[in-house]
file coords26.pdb (PDB, C-alpha atoms)
ATOM      1  CA  MET A   1      64.638  79.053 132.317
ATOM      2  CA  ASN A   2      67.954  80.169 131.031
ATOM      3  CA  THR A   3      67.326  82.513 128.144
ATOM      4  CA  ALA A   4      70.968  83.421 127.593
ATOM      5  CA  THR A   5      71.794  83.556 123.943
ATOM      6  CA  THR A   6      75.183  82.648 122.599
ATOM      7  CA  PHE A   7      76.560  84.513 119.642
ATOM      8  CA  ALA A   8      79.155  83.088 117.334
ATOM      9  CA  VAL A   9      82.034  85.569 117.390
ATOM     10  CA  GLU A  10      84.056  85.458 114.227
ATOM     11  CA  GLU A  11      87.773  85.699 114.905
ATOM     12  CA  PRO A  12      89.620  88.197 112.701
ATOM     13  CA  LYS A  13      91.796  86.718 109.975
ATOM     14  CA  LEU A  14      95.527  86.564 110.612
ATOM     15  CA  LEU A  15      97.757  88.931 108.640
ATOM     16  CA  PRO A  16      98.836  87.237 105.411
ATOM     17  CA  GLY A  17     102.480  86.205 105.498
ATOM     18  CA  ASP A  18     104.966  86.927 108.213
ATOM     19  CA  LEU A  19     104.441  89.464 111.049
ATOM     20  CA  ALA A  20     108.090  90.616 110.849
ATOM     21  CA  MET A  21     107.560  91.483 107.182
ATOM     22  CA  TRP A  22     104.537  93.580 108.125
ATOM     23  CA  PHE A  23     106.533  95.568 110.682
ATOM     24  CA  PHE A  24     109.120  96.163 107.951
ATOM     25  CA  ILE A  25     106.315  97.314 105.605
ATOM     26  CA  PHE A  26     104.908  99.705 108.250
ATOM     27  CA  MET A  27     108.366 101.244 108.741
ATOM     28  CA  GLU A  28     108.827 101.669 104.998
ATOM     29  CA  LEU A  29     105.405 103.299 104.651
ATOM     30  CA  LEU A  30     106.205 105.684 107.504
ATOM     31  CA  VAL A  31     109.419 106.803 105.781
ATOM     32  CA  PHE A  32     107.715 107.250 102.389
ATOM     33  CA  GLY A  33     104.750 109.044 103.998
ATOM     34  CA  ILE A  34     107.065 111.574 105.678
ATOM     35  CA  ALA A  35     108.941 112.062 102.386
ATOM     36  CA  PHE A  36     105.680 112.670 100.443
ATOM     37  CA  ILE A  37     104.445 115.204 102.991
ATOM     38  CA  GLY A  38     107.930 116.800 102.930
ATOM     39  CA  TYR A  39     107.636 117.163  99.136
ATOM     40  CA  ALA A  40     104.183 118.789  99.440
ATOM     41  CA  VAL A  41     105.360 121.192 102.169
ATOM     42  CA  MET A  42     108.538 122.174 100.278
ATOM     43  CA  ARG A  43     106.433 122.783  97.179
ATOM     44  CA  LEU A  44     104.431 125.373  99.148
ATOM     45  CA  GLN A  45     107.594 127.471  99.410
ATOM     46  CA  ASN A  46     108.587 126.969  95.735
ATOM     47  CA  ILE A  47     105.300 126.629  93.851
ATOM     48  CA  GLU A  48     106.433 128.264  90.601
ATOM     49  CA  MET A  49     109.634 126.234  90.472
ATOM     50  CA  PHE A  50     107.845 122.939  91.191
ATOM     51  CA  ASN A  51     105.165 123.648  88.562
ATOM     52  CA  LYS A  52     107.762 124.669  85.962
ATOM     53  CA  TYR A  53     110.115 121.693  86.355
ATOM     54  CA  GLN A  54     107.309 119.170  86.817
ATOM     55  CA  LEU A  55     106.509 119.795  83.145
ATOM     56  CA  THR A  56     109.971 118.437  82.186
ATOM     57  CA  LEU A  57     109.088 114.967  83.517
ATOM     58  CA  ASN A  58     108.047 112.195  81.161
ATOM     59  CA  THR A  59     104.429 111.450  82.154
ATOM     60  CA  GLU A  60     104.175 108.697  79.486
ATOM     61  CA  PHE A  61     106.946 106.754  81.228
ATOM     62  CA  GLY A  62     105.389 107.543  84.616
ATOM     63  CA  ALA A  63     101.981 106.201  83.553
ATOM     64  CA  ALA A  64     103.508 103.155  81.806
ATOM     65  CA  ASN A  65     105.488 102.374  84.953
ATOM     66  CA  THR A  66     102.333 102.644  87.085
ATOM     67  CA  MET A  67     100.573 100.170  84.788
ATOM     68  CA  LEU A  68     103.593  97.841  84.902
ATOM     69  CA  LEU A  69     103.650  97.823  88.715
ATOM     70  CA  ILE A  70      99.876  97.328  89.003
ATOM     71  CA  THR A  71     100.023  94.456  86.515
ATOM     72  CA  SER A  72     103.014  92.970  88.299
ATOM     73  CA  SER A  73     101.091  93.166  91.602
ATOM     74  CA  TYR A  74      98.143  91.432  89.915
ATOM     75  CA  PHE A  75     100.504  88.622  88.818
ATOM     76  CA  VAL A  76     101.654  88.253  92.435
ATOM     77  CA  VAL A  77      98.012  87.937  93.569
ATOM     78  CA  ARG A  78      97.607  85.175  90.968
ATOM     79  CA  ALA A  79     100.724  83.460  92.388
ATOM     80  CA  VAL A  80      99.256  83.506  95.923
ATOM     81  CA  HIS A  81      95.917  82.156  94.658
ATOM     82  CA  ALA A  82      97.768  79.422  92.728
ATOM     83  CA  ILE A  83      99.752  78.190  95.731
ATOM     84  CA  LYS A  84      96.589  78.122  97.875
ATOM     85  CA  LEU A  85      95.171  75.708  95.283
ATOM     86  CA  ASN A  86      98.433  73.706  95.389
ATOM     87  CA  LYS A  87      99.240  74.719  91.797
ATOM     88  CA  VAL A  88     102.945  75.089  92.527
ATOM     89  CA  ARG A  89     104.051  75.466  88.916
ATOM     90  CA  TYR A  90     101.556  78.265  88.252
ATOM     91  CA  CYS A  91     102.711  79.933  91.462
ATOM     92  CA  TYR A  92     106.305  80.340  90.300
ATOM     93  CA  TYR A  93     105.268  81.125  86.708
ATOM     94  CA  TRP A  94     103.223  84.057  87.994
ATOM     95  CA  LEU A  95     106.066  85.135  90.268
ATOM     96  CA  TYR A  96     108.527  85.163  87.342
ATOM     97  CA  ALA A  97     105.987  87.178  85.324
ATOM     98  CA  ALA A  98     105.781  89.669  88.221
ATOM     99  CA  ILE A  99     109.589  89.927  88.311
ATOM    100  CA  ALA A 100     109.560  90.634  84.561
ATOM    101  CA  GLY A 101     107.082  93.480  85.241
ATOM    102  CA  GLY A 102     109.496  94.879  87.836
ATOM    103  CA  ALA A 103     112.359  94.621  85.333
ATOM    104  CA  GLY A 104     110.266  96.559  82.798
ATOM    105  CA  PHE A 105     109.754  99.268  85.432
ATOM    106  CA  LEU A 106     113.513  99.490  86.067
ATOM    107  CA  ILE A 107     114.304  99.701  82.336
ATOM    108  CA  LEU A 108     111.843 102.576  81.760
ATOM    109  CA  LYS A 109     113.136 104.359  84.855
ATOM    110  CA  ALA A 110     116.728 103.927  83.663
ATOM    111  CA  PHE A 111     115.801 105.601  80.344
ATOM    112  CA  GLU A 112     114.170 108.426  82.289
ATOM    113  CA  TYR A 113     117.259 108.910  84.492
ATOM    114  CA  GLN A 114     119.580 108.723  81.493
ATOM    115  CA  ASP A 115     117.588 111.516  79.850
ATOM    116  CA  LYS A 116     117.835 113.702  82.953
ATOM    117  CA  PHE A 117     121.491 112.979  83.717
ATOM    118  CA  SER A 118     122.550 113.617  80.098
ATOM    119  CA  ALA A 119     120.862 117.042  80.382
ATOM    120  CA  GLY A 120     123.136 117.765  83.350
ATOM    121  CA  ILE A 121     120.389 117.411  85.957
ATOM    122  CA  SER A 122     121.451 116.208  89.392
ATOM    123  CA  LEU A 123     120.336 116.309  93.032
ATOM    124  CA  SER A 124     121.859 119.780  93.399
ATOM    125  CA  THR A 125     120.161 121.325  90.328
ATOM    126  CA  ASN A 126     117.204 122.631  92.359
ATOM    127  CA  THR A 127     114.778 121.599  95.127
ATOM    128  CA  PHE A 128     112.292 120.040  92.724
ATOM    129  CA  TYR A 129     114.871 117.761  91.089
ATOM    130  CA  MET A 130     116.341 116.954  94.506
ATOM    131  CA  PHE A 131     112.925 115.612  95.560
ATOM    132  CA  TYR A 132     112.181 113.997  92.188
ATOM    133  CA  LEU A 133     115.508 112.140  92.075
ATOM    134  CA  SER A 134     115.701 111.170  95.736
ATOM    135  CA  LEU A 135     112.061 110.013  95.991
ATOM    136  CA  THR A 136     112.094 108.025  92.745
ATOM    137  CA  MET A 137     115.576 106.573  93.357
ATOM    138  CA  PHE A 138     114.611 105.509  96.872
ATOM    139  CA  HIS A 139     111.560 103.801  95.372
ATOM    140  CA  PHE A 140     113.754 102.335  92.573
ATOM    141  CA  LEU A 141     115.898 100.629  95.252
ATOM    142  CA  HIS A 142     112.729  99.187  96.808
ATOM    143  CA  VAL A 143     111.690  97.766  93.442
ATOM    144  CA  ILE A 144     115.098  96.039  93.208
ATOM    145  CA  LEU A 145     114.731  94.665  96.765
ATOM    146  CA  GLY A 146     111.178  93.511  95.998
ATOM    147  CA  MET A 147     112.389  91.704  92.871
ATOM    148  CA  ILE A 148     115.137  89.968  94.870
ATOM    149  CA  ILE A 149     112.540  88.840  97.462
ATOM    150  CA  LEU A 150     110.164  87.589  94.726
ATOM    151  CA  LEU A 151     113.049  85.783  92.987
ATOM    152  CA  ALA A 152     114.017  84.025  96.235
ATOM    153  CA  VAL A 153     110.366  83.017  96.787
ATOM    154  CA  ALA A 154     110.004  81.813  93.162
ATOM    155  CA  ILE A 155     113.163  79.683  93.381
ATOM    156  CA  LYS A 156     111.995  78.176  96.684
ATOM    157  CA  ALA A 157     108.578  77.487  95.147
ATOM    158  CA  GLN A 158     110.265  75.818  92.174
ATOM    159  CA  LYS A 159     112.180  73.593  94.603
ATOM    160  CA  GLY A 160     108.872  72.521  96.192
ATOM    161  CA  ALA A 161     109.190  74.467  99.445
ATOM    162  CA  TYR A 162     105.598  75.725  99.293
ATOM    163  CA  ASN A 163     102.216  74.028  98.952
ATOM    164  CA  ALA A 164      98.538  74.567  99.793
ATOM    165  CA  THR A 165      99.202  74.223 103.539
ATOM    166  CA  ASN A 166     102.529  76.085 103.691
ATOM    167  CA  TYR A 167     102.640  79.356 101.787
ATOM    168  CA  THR A 168     103.619  81.969 104.388
ATOM    169  CA  GLY A 169     106.758  82.853 102.432
ATOM    170  CA  VAL A 170     104.779  83.480  99.242
ATOM    171  CA  GLU A 171     102.351  85.764 101.103
ATOM    172  CA  ALA A 172     105.186  87.648 102.826
ATOM    173  CA  GLY A 173     106.943  88.332  99.497
ATOM    174  CA  ALA A 174     103.623  89.298  97.921
ATOM    175  CA  SER A 175     102.839  91.771 100.720
ATOM    176  CA  TYR A 176     106.180  93.520 100.250
ATOM    177  CA  TRP A 177     105.641  93.788  96.485
ATOM    178  CA  HIS A 178     102.159  95.265  96.985
ATOM    179  CA  MET A 179     103.691  97.855  99.342
ATOM    180  CA  VAL A 180     106.118  98.869  96.564
ATOM    181  CA  ASP A 181     103.097  99.246  94.251
ATOM    182  CA  LEU A 182     101.085 101.196  96.866
ATOM    183  CA  VAL A 183     103.899 103.712  97.351
ATOM    184  CA  TRP A 184     104.186 104.303  93.582
ATOM    185  CA  ILE A 185     100.394 104.802  93.359
ATOM    186  CA  VAL A 186     100.859 107.919  95.529
ATOM    187  CA  LEU A 187     104.233 108.969  94.093
ATOM    188  CA  PHE A 188     103.223 109.062  90.416
ATOM    189  CA  PRO A 189     100.398 111.648  90.627
ATOM    190  CA  LEU A 190     102.173 113.602  93.374
ATOM    191  CA  VAL A 191     105.442 114.162  91.490
ATOM    192  CA  TYR A 192     104.355 113.885  87.829
ATOM    193  CA  ILE A 193     100.774 115.140  87.602
ATOM    194  CA  ILE A 194      99.248 117.211  90.422
ATOM    195  CA  ARG A 195      99.959 120.924  90.121
TER     196      ARG A 195
ATOM    197  CA  MET B   1      74.582  85.888  90.056
ATOM    198  CA  LYS B   2      78.062  86.277  88.685
ATOM    199  CA  SER B   3      80.112  88.796  90.659
ATOM    200  CA  TYR B   4      81.978  91.358  88.625
ATOM    201  CA  TYR B   5      83.977  92.420  91.683
ATOM    202  CA  ASN B   6      86.921  90.097  91.374
ATOM    203  CA  ILE B   7      90.681  90.329  91.122
ATOM    204  CA  HIS B   8      90.634  90.606  87.310
ATOM    205  CA  THR B   9      88.137  93.479  87.178
ATOM    206  CA  ILE B  10      89.981  95.223  90.033
ATOM    207  CA  TRP B  11      93.220  95.032  88.006
ATOM    208  CA  ILE B  12      91.498  96.457  84.919
ATOM    209  CA  ALA B  13      89.792  99.196  86.977
ATOM    210  CA  MET B  14      93.174 100.273  88.352
ATOM    211  CA  LEU B  15      94.651 100.423  84.840
ATOM    212  CA  VAL B  16      91.712 102.578  83.698
ATOM    213  CA  LEU B  17      92.143 104.889  86.711
ATOM    214  CA  THR B  18      95.848 105.232  85.878
ATOM    215  CA  LEU B  19      95.034 106.167  82.288
ATOM    216  CA  SER B  20      92.523 108.751  83.529
ATOM    217  CA  THR B  21      95.201 110.259  85.816
ATOM    218  CA  TYR B  22      97.619 110.412  82.877
ATOM    219  CA  ALA B  23      94.968 112.006  80.619
ATOM    220  CA  ILE B  24      94.147 114.688  83.204
ATOM    221  CA  GLY B  25      97.851 115.517  83.480
ATOM    222  CA  LYS B  26      98.331 115.533  79.704
ATOM    223  CA  MET B  27      95.395 117.888  79.136
ATOM    224  CA  GLY B  28      96.913 120.322  81.631
ATOM    225  CA  PHE B  29      93.876 120.534  83.901
ATOM    226  CA  HIS B  30      94.506 122.083  87.286
ATOM    227  CA  GLY B  31      92.615 123.656  90.176
ATOM    228  CA  ALA B  32      91.087 122.524  93.465
ATOM    229  CA  GLY B  33      88.571 120.162  91.855
ATOM    230  CA  ILE B  34      91.261 118.424  89.806
ATOM    231  CA  VAL B  35      93.576 118.053  92.827
ATOM    232  CA  LEU B  36      90.727 116.438  94.784
ATOM    233  CA  LEU B  37      89.778 114.222  91.830
ATOM    234  CA  LEU B  38      93.366 112.985  91.395
ATOM    235  CA  LEU B  39      93.740 112.325  95.113
ATOM    236  CA  ALA B  40      90.370 110.522  95.166
ATOM    237  CA  THR B  41      91.799 108.286  92.424
ATOM    238  CA  VAL B  42      94.841 107.625  94.632
ATOM    239  CA  LEU B  43      92.514 106.735  97.538
ATOM    240  CA  ILE B  44      90.484 104.302  95.417
ATOM    241  CA  LYS B  45      93.566 102.567  94.011
ATOM    242  CA  GLY B  46      95.214 102.444  97.438
ATOM    243  CA  PHE B  47      92.037 101.017  98.968
ATOM    244  CA  LEU B  48      91.878  98.297  96.292
ATOM    245  CA  ILE B  49      95.543  97.370  96.806
ATOM    246  CA  ILE B  50      95.169  97.145 100.600
ATOM    247  CA  ARG B  51      91.835  95.349 100.581
ATOM    248  CA  ASP B  52      92.079  93.050  97.572
ATOM    249  CA  PHE B  53      95.754  92.679  96.606
ATOM    250  CA  MET B  54      97.183  92.563 100.140
ATOM    251  CA  GLU B  55      94.017  90.711 101.242
ATOM    252  CA  LEU B  56      93.675  92.659 104.493
ATOM    253  CA  ASN B  57      89.888  92.482 104.433
ATOM    254  CA  GLY B  58      88.828  90.757 107.660
ATOM    255  CA  VAL B  59      92.139  91.050 109.528
ATOM    256  CA  SER B  60      92.286  92.736 112.940
ATOM    257  CA  LEU B  61      91.087  96.369 112.993
ATOM    258  CA  LEU B  62      94.519  97.504 114.223
ATOM    259  CA  TRP B  63      96.305  96.361 111.059
ATOM    260  CA  ARG B  64      93.629  97.777 108.780
ATOM    261  CA  ALA B  65      93.692 101.063 110.720
ATOM    262  CA  ILE B  66      97.458 101.330 110.192
ATOM    263  CA  MET B  67      97.241 100.685 106.448
ATOM    264  CA  TYR B  68      94.115 102.722 105.650
ATOM    265  CA  GLY B  69      95.265 105.370 108.146
ATOM    266  CA  TRP B  70      98.581 105.753 106.297
ATOM    267  CA  LEU B  71      96.702 106.213 103.025
ATOM    268  CA  TRP B  72      94.250 108.758 104.493
ATOM    269  CA  VAL B  73      96.840 110.781 106.412
ATOM    270  CA  THR B  74      99.243 110.959 103.455
ATOM    271  CA  THR B  75      96.622 111.941 100.871
ATOM    272  CA  SER B  76      94.892 114.381 103.262
ATOM    273  CA  ALA B  77      98.178 116.144 104.057
ATOM    274  CA  ILE B  78      98.957 116.402 100.335
ATOM    275  CA  ALA B  79      95.424 117.708  99.646
ATOM    276  CA  ILE B  80      95.687 120.388 102.348
ATOM    277  CA  SER B  81      99.105 121.566 101.196
ATOM    278  CA  TYR B  82      97.924 121.871  97.573
ATOM    279  CA  LEU B  83      94.577 123.478  98.369
ATOM    280  CA  VAL B  84      96.106 126.217 100.538
ATOM    281  CA  SER B  85      98.433 127.086  97.640
ATOM    282  CA  LEU B  86      95.583 127.699  95.174
TER     283      LEU B  86
END

call {"tool": "encode", "arguments": {"input": "coords26.pdb", "output": "structure tokens"}}
result
Amino acid sequence: MNTATTFAVEEPKLLPGDLAMWFFIFMELLVFGIAFIGYAVMRLQNIEMFNKYQLTLNTEFGAANTMLLITSSYFVVRAVHAIKLNKVRYCYYWLYAAIAGGAGFLILKAFEYQDKFSAGISLSTNTFYMFYLSLTMFHFLHVILGMIILLAVAIKAQKGAYNATNYTGVEAGASYWHMVDLVWIVLFPLVYIIR
Amino acid sequence: MKSYYNIHTIWIAMLVLTLSTYAIGKMGFHGAGIVLLLLATVLIKGFLIIRDFMELNGVSLLWRAIMYGWLWVTTSAIAISYLVSL
């Protein structure tokens, strides 16, 4: 008698969105990861300077920006859930809300930069400010790119390009936006808080 | 039974964790324990973003290894560099 038992093997889920977008995300994470480790290593050689000038940063704005990005990411999750339920209108409403969260982040960051630049601080002031400005500005540019991607997805959704069976574009845009959030989750405590 | 682990509670948990990070910074706490606590907060928030916002739970192990690996390697390297300076 054949006693062989068959087991149902569950196939892993596919990556949400587009594979090309994920390769882009992995590259971005690699660059940010190297930059974060670079910051930590450079701090080892300038601990007093890093601790002193870290205190000049506006932690209220840093925390508010973290909450804005997390909330914006949550809105994007709601947009993905909406399109999976074929609620197209809710999908682009949530996406526009997420873009507004990104805009709030940029406005707060602009105030922060204005404060630093008006005090004569620049990339060449010292090593700490070089890292602070270059890391946060590089991330700032990613927020702008993420908002452009979300805007393109929202407009396409509004034109009826996505539905419950075709939402790869929404997931791809969402994945990029979550990456922008993930990077800031590390950047905020690293540059503003940990000493 | 109603599950309290959902996207809304995850969002609120991450906001609370952010406020706790801000409060620790504002109160001027420092030392090895605080560094590890703050980085543990980063790990939890990063884990929630990867698992529940990016929805990578259940995808191939390779993709999860890349994402969680990035988070672990980055935070571990930061932890080591800060702890050796204390």

call {"tool": "interface_residues", "arguments": {"input": "coords26.pdb", "of": "chain A", "to": "chain B", "cutoff": "6 Å", "atoms": "only C-alpha atoms", "output": "PyMOL selection string"}}
result
chain A and resi 12-14+33+40+67+175+193

call {"tool": "atom_distance", "arguments": {"input": "coords26.pdb", "atom1": "CA of Ile194 in chain A", "atom2": "CA of Lys109 in chain A"}}
result
19.7 Å

call {"tool": "atom_distance", "arguments": {"input": "coords26.pdb", "atom1": "CA of Asn6 in chain B", "atom2": "CA of Leu85 in chain A"}}
result
17.0 Å

call {"tool": "resolve_selection", "arguments": {"input": "coords26.pdb", "expression": "the PyMOL selection byres ((chain A and resi 145-150) around 8)", "output": "VMD selection string"}}
result
chain A and resid 95 to 96 99 102 141 to 144 151 to 154 173 to 174 176 to 177 180

call {"tool": "atom_distance", "arguments": {"input": "coords26.pdb", "atom1": "CA of Asp18 in chain A", "atom2": "CA of Arg51 in chain B"}}
result
17.4 Å

call {"tool": "resolve_selection", "arguments": {"input": "coords26.pdb", "expression": "the PyMOL selection byres ((chain A and resi 92) around 8)", "output": "list of chain:residue names"}}
result
A:Ala79, A:Val88, A:Arg89, A:Tyr90, A:Cys91, A:Tyr93, A:Trp94, A:Leu95, A:Tyr96, A:Ala154, A:Ile155, A:Ala157, A:Gln158

call {"tool": "closest_residue", "arguments": {"input": "coords26.pdb", "among": "A:Val80, A:Leu29, A:Met179, A:Ala63", "to": "Asn166 in chain A", "atoms": "all atoms listed in the file"}}
result
A:Val80

call {"tool": "resolve_selection", "arguments": {"input": "coords26.pdb", "expression": "the PyMOL selection byres ((chain A and resi 115-119) around 12)", "output": "short mmCIF file (atom, residue, chain, number, x, y, z; two decimals) with C-alpha atoms, keeping the file's coordinate frame"}}
result
data_model
loop_
_atom_site.label_atom_id
_atom_site.label_comp_id
_atom_site.auth_asym_id
_atom_site.auth_seq_id
_atom_site.Cartn_x
_atom_site.Cartn_y
_atom_site.Cartn_z
CA TYR A 53 110.12 121.69 86.36
CA THR A 56 109.97 118.44 82.19
CA LEU A 57 109.09 114.97 83.52
CA ASN A 58 108.05 112.20 81.16
CA PHE A 61 106.95 106.75 81.23
CA LEU A 108 111.84 102.58 81.76
CA LYS A 109 113.14 104.36 84.86
CA ALA A 110 116.73 103.93 83.66
CA PHE A 111 115.80 105.60 80.34
CA GLU A 112 114.17 108.43 82.29
CA TYR A 113 117.26 108.91 84.49
CA GLN A 114 119.58 108.72 81.49
CA GLY A 120 123.14 117.76 83.35
CA ILE A 121 120.39 117.41 85.96
CA SER A 122 121.45 116.21 89.39
CA LEU A 123 120.34 116.31 93.03
CA SER A 124 121.86 119.78 93.40
CA THR A 125 120.16 121.32 90.33
CA TYR A 129 114.87 117.76 91.09
CA TYR A 132 112.18 114.00 92.19
CA LEU A 133 115.51 112.14 92.08
#

call {"tool": "axis_aligned_box", "arguments": {"input": "coords26.pdb", "around": "range 128-141 of chain A", "padding_each_side": "8 Å", "output": "JSON"}}
result
{"center_x": 114.0, "center_y": 110.3, "center_z": 94.0, "size_x": 20.8, "size_y": 35.4, "size_z": 21.8}
